[in-house]
Amino acid sequence: MHLQKMDKEKHDPLKVSTLIYEADVDTFNFFFGNSKNASQKIEKLVTAGDNSLGHQQIYVVTSETNDIKGVMVYSVGDRMDKIQELNILFKNLNPLDAFRFLMIEIIDSIFLSNLKEDDYYFFIIAVDEKSRGQGIGSFILKEGIKLARGNGCKRAVLDVDIENEDALRLYERRGFGKFKEKSLSLWKWKKGAYNMEYLL
């Protein structure tokens, strides 16, 4: 297994985008209806770059045959400049789809960790369904923590859906601890996340 920076000429942007979609199926389906539609929209942002889902922010896990087994979307310090993000959205998507991504960003801001300048943030960790159970998630975390140290970061940070018990167990086994819980309830609907950190 190898963790390498995404090269949009070498690594299939649609495959990467499908894995990003699978990391938050419910949200993407709510806004875009289905896997194919959502993945194609995400692909436009991955390929365009210079945004929080841009290829510059992505590492891929590949096999010896260069098949993509997983992805890690990351940032160092605070998230991307909001004006730049808006420009990329409206330049690469139709206005309605750009607005949908903007709404996802607003919803995420309620639940995601508040970041410091010296944080290494695991925005998305996703493993291909056919490759789960092979230690790829642990591999991404281990290699990501090495990258965080190499960037001089003081902590690695990630967020996990309160209902995602498998991911929570994985992160706790790898040394991450909860530092905050954020949730929102409206009638019978509830969404929440644990903000987790690994001190470097």
# chains A, B, ... in the order shown; residues from 1 in each chain; ligands from 1
$ closest_atom_pairs --of "range 102-137 of chain A" --to "range 18-28 of chain A" --cutoff "8 Å" --atoms "only C-alpha atoms" --output "tab-separated table"
residue	atom	partner	partner_atom	distance
A:Ile104	CA	A:Thr27	CA	7.5
A:Ile124	CA	A:Ala23	CA	6.9
A:Ile125	CA	A:Ala23	CA	7.1
A:Ala126	CA	A:Ala23	CA	5.6
A:Val127	CA	A:Leu19	CA	6.9
A:Asp128	CA	A:Leu19	CA	6.4
$ write_last_selection --atoms "N, CA and C atoms" --output "PDB file, in the first residue's frame"
ATOM      1  N   ILE A 104     -24.045  22.787   2.025  1.00  0.00           N
ATOM      2  CA  ILE A 104     -23.318  21.711   2.719  1.00  0.00           C
ATOM      3  C   ILE A 104     -22.244  22.308   3.606  1.00  0.00           C
ATOM      4  N   ILE A 124     -11.712  14.322   5.229  1.00  0.00           N
ATOM      5  CA  ILE A 124     -12.407  13.109   4.807  1.00  0.00           C
ATOM      6  C   ILE A 124     -11.412  11.953   4.792  1.00  0.00           C
ATOM      7  N   ILE A 125     -11.832  10.838   5.368  1.00  0.00           N
ATOM      8  CA  ILE A 125     -11.108   9.575   5.233  1.00  0.00           C
ATOM      9  C   ILE A 125     -12.124   8.581   4.689  1.00  0.00           C
ATOM     10  N   ALA A 126     -11.819   7.998   3.537  1.00  0.00           N
ATOM     11  CA  ALA A 126     -12.767   7.063   2.921  1.00  0.00           C
ATOM     12  C   ALA A 126     -12.007   5.886   2.330  1.00  0.00           C
ATOM     13  N   VAL A 127     -12.575   4.698   2.519  1.00  0.00           N
ATOM     14  CA  VAL A 127     -11.979   3.466   2.000  1.00  0.00           C
ATOM     15  C   VAL A 127     -12.969   2.820   1.047  1.00  0.00           C
ATOM     16  N   ASP A 128     -12.474   2.374  -0.095  1.00  0.00           N
ATOM     17  CA  ASP A 128     -13.309   1.685  -1.069  1.00  0.00           C
ATOM     18  C   ASP A 128     -13.996   0.487  -0.413  1.00  0.00           C
TER      19      ASP A 128
END
$ closest_atom_pairs --of "range 49-110 of chain A" --to "range 132-151 of chain A" --cutoff "12 Å" --atoms "only C-alpha atoms" --output "Markdown table"
| residue | atom | partner | partner_atom | distance |
| --- | --- | --- | --- | --- |
| A:Ile58 | CA | A:Gly144 | CA | 11.2 |
| A:Tyr59 | CA | A:Ile140 | CA | 9.0 |
| A:Val60 | CA | A:Ile140 | CA | 9.0 |
| A:Val61 | CA | A:Ile140 | CA | 7.6 |
| A:Thr62 | CA | A:Ile136 | CA | 9.9 |
| A:Ser63 | CA | A:Ile136 | CA | 10.5 |
| A:Ile68 | CA | A:Ile136 | CA | 11.0 |
| A:Lys69 | CA | A:Ile136 | CA | 7.6 |
| A:Gly70 | CA | A:Ile136 | CA | 7.1 |
| A:Val71 | CA | A:Ile140 | CA | 8.0 |
| A:Met72 | CA | A:Ile140 | CA | 7.0 |
| A:Val73 | CA | A:Gly144 | CA | 10.1 |
| A:Tyr74 | CA | A:Gly144 | CA | 8.8 |
| A:Ser75 | CA | A:Ala148 | CA | 9.7 |
| A:Val76 | CA | A:Asn151 | CA | 8.0 |
| A:Gly77 | CA | A:Asn151 | CA | 10.2 |
$ atom_distance --atom1 "CA of Leu93 in chain A" --atom2 "CA of Asp7 in chain A"
21.7 Å
$ atom_distance --atom1 "CA of Tyr171 in chain A" --atom2 "CA of Gly192 in chain A"
16.6 Å
$ residues_around --residues "Asn164 in chain A" --least-positions-apart "2" --cutoff "12 Å" --atoms "only C-alpha atoms" --output "ChimeraX atom specification"
/A:23-24,159-162,166-171,191-194
$ closest_residue --among "A:Met6, A:Asp119, A:His11, A:Trp187" --to "Thr65 in chain A" --atoms "only C-alpha atoms"
A:His11
$ closest_residue --among "A:Leu102, A:Lys44, A:Gly175, A:Arg155" --to "Asp118 in chain A" --atoms "only C-alpha atoms"
A:Arg155
$ residues_around --residues "range 45-52 of chain A" --least-positions-apart "5" --cutoff "7 Å" --atoms "only C-alpha atoms" --output "ChimeraX atom specification"
/A:8,13,57,80,85,88
$ write_last_selection --atoms "C-alpha atoms" --output "CSV table (one decimal), in the first residue's frame"
chain,number,residue,atom,x,y,z
A,8,LYS,CA,-5.2,14.2,-11.5
A,13,PRO,CA,-10.8,11.8,-10.4
A,57,GLN,CA,-5.8,18.6,-0.8
A,80,MET,CA,-9.7,27.5,2.9
A,85,GLU,CA,-14.0,28.8,-2.3
A,88,ILE,CA,-14.3,28.1,-7.5
$ select_by_dssp --residues "range 70-116 of chain A" --states "helix (DSSP H, G or I)" --output "ChimeraX atom specification"
/A:82-92,95-111
$ write_last_selection --atoms "N, CA and C atoms" --output "compact mmCIF listing (two decimals), in the first residue's frame"
# COMPACT_ATOMS: atom_id res chain seq x y z
N LYS A 82 -12.90 31.63 2.29
CA LYS A 82 -14.29 31.48 1.87
C LYS A 82 -14.57 32.14 0.52
N ILE A 83 -13.96 33.29 0.26
CA ILE A 83 -14.17 33.98 -1.02
C ILE A 83 -13.60 33.16 -2.16
N GLN A 84 -12.40 32.62 -1.96
CA GLN A 84 -11.79 31.77 -2.99
C GLN A 84 -12.67 30.55 -3.25
N GLU A 85 -13.16 29.95 -2.17
CA GLU A 85 -14.02 28.77 -2.29
C GLU A 85 -15.27 29.09 -3.11
N LEU A 86 -15.90 30.23 -2.82
CA LEU A 86 -17.10 30.64 -3.56
C LEU A 86 -16.79 30.85 -5.04
N ASN A 87 -15.67 31.50 -5.33
CA ASN A 87 -15.29 31.74 -6.72
C ASN A 87 -15.14 30.43 -7.49
N ILE A 88 -14.49 29.44 -6.85
CA ILE A 88 -14.29 28.14 -7.50
C ILE A 88 -15.64 27.45 -7.72
N LEU A 89 -16.51 27.50 -6.70
CA LEU A 89 -17.82 26.87 -6.83
C LEU A 89 -18.60 27.43 -8.01
N PHE A 90 -18.70 28.76 -8.08
CA PHE A 90 -19.53 29.38 -9.11
C PHE A 90 -18.86 29.39 -10.48
N LYS A 91 -17.54 29.22 -10.51
CA LYS A 91 -16.83 29.14 -11.78
C LYS A 91 -16.97 27.76 -12.42
N ASN A 92 -17.08 26.71 -11.59
CA ASN A 92 -17.04 25.34 -12.10
C ASN A 92 -18.37 24.60 -12.07
N PRO A 95 -25.19 27.64 -11.05
CA PRO A 95 -25.51 28.35 -9.81
C PRO A 95 -26.25 27.51 -8.77
N LEU A 96 -27.16 26.64 -9.20
CA LEU A 96 -27.91 25.82 -8.25
C LEU A 96 -26.99 24.82 -7.54
N ASP A 97 -26.11 24.17 -8.30
CA ASP A 97 -25.19 23.21 -7.68
C ASP A 97 -24.18 23.91 -6.78
N ALA A 98 -23.73 25.09 -7.19
CA ALA A 98 -22.82 25.87 -6.34
C ALA A 98 -23.51 26.22 -5.03
N PHE A 99 -24.76 26.61 -5.10
CA PHE A 99 -25.54 26.93 -3.90
C PHE A 99 -25.68 25.69 -3.00
N ARG A 100 -25.89 24.52 -3.61
CA ARG A 100 -26.01 23.28 -2.83
C ARG A 100 -24.72 23.00 -2.05
N PHE A 101 -23.58 23.15 -2.71
CA PHE A 101 -22.31 22.95 -2.01
C PHE A 101 -22.12 23.99 -0.91
N LEU A 102 -22.57 25.19 -1.17
CA LEU A 102 -22.50 26.24 -0.15
C LEU A 102 -23.35 25.85 1.06
N MET A 103 -24.52 25.29 0.84
CA MET A 103 -25.38 24.84 1.94
C MET A 103 -24.71 23.70 2.73
N ILE A 104 -24.05 22.79 2.03
CA ILE A 104 -23.32 21.71 2.72
C ILE A 104 -22.24 22.31 3.61
N GLU A 105 -21.54 23.31 3.09
CA GLU A 105 -20.49 23.99 3.86
C GLU A 105 -21.07 24.64 5.12
N ILE A 106 -22.22 25.28 4.98
CA ILE A 106 -22.86 25.94 6.12
C ILE A 106 -23.29 24.91 7.17
N ILE A 107 -23.89 23.81 6.72
CA ILE A 107 -24.30 22.75 7.65
C ILE A 107 -23.08 22.15 8.34
N ASP A 108 -22.03 21.87 7.55
CA ASP A 108 -20.81 21.31 8.14
C ASP A 108 -20.23 22.22 9.21
N SER A 109 -20.30 23.52 8.99
CA SER A 109 -19.69 24.47 9.93
C SER A 109 -20.32 24.38 11.32
N ILE A 110 -21.55 23.88 11.39
CA ILE A 110 -22.21 23.72 12.69
C ILE A 110 -21.56 22.59 13.49
N PHE A 111 -21.13 21.54 12.80
CA PHE A 111 -20.70 20.32 13.47
C PHE A 111 -19.18 20.10 13.49
$ residues_around --residues "Leu199 in chain A" --least-positions-apart "2" --cutoff "7 Å" --atoms "only C-alpha atoms" --output "compact mmCIF listing (two decimals) with C-alpha atoms, in the first residue's frame"
# COMPACT_ATOMS: atom_id res chain seq x y z
CA LYS A 154 0.63 20.42 17.16
CA ARG A 155 -2.39 18.14 16.78
CA ALA A 156 -4.28 16.08 14.23
CA GLU A 197 -7.90 15.16 18.39
$ atom_distance --atom1 "CA of Leu158 in chain A" --atom2 "CA of Phe123 in chain A"
6.5 Å
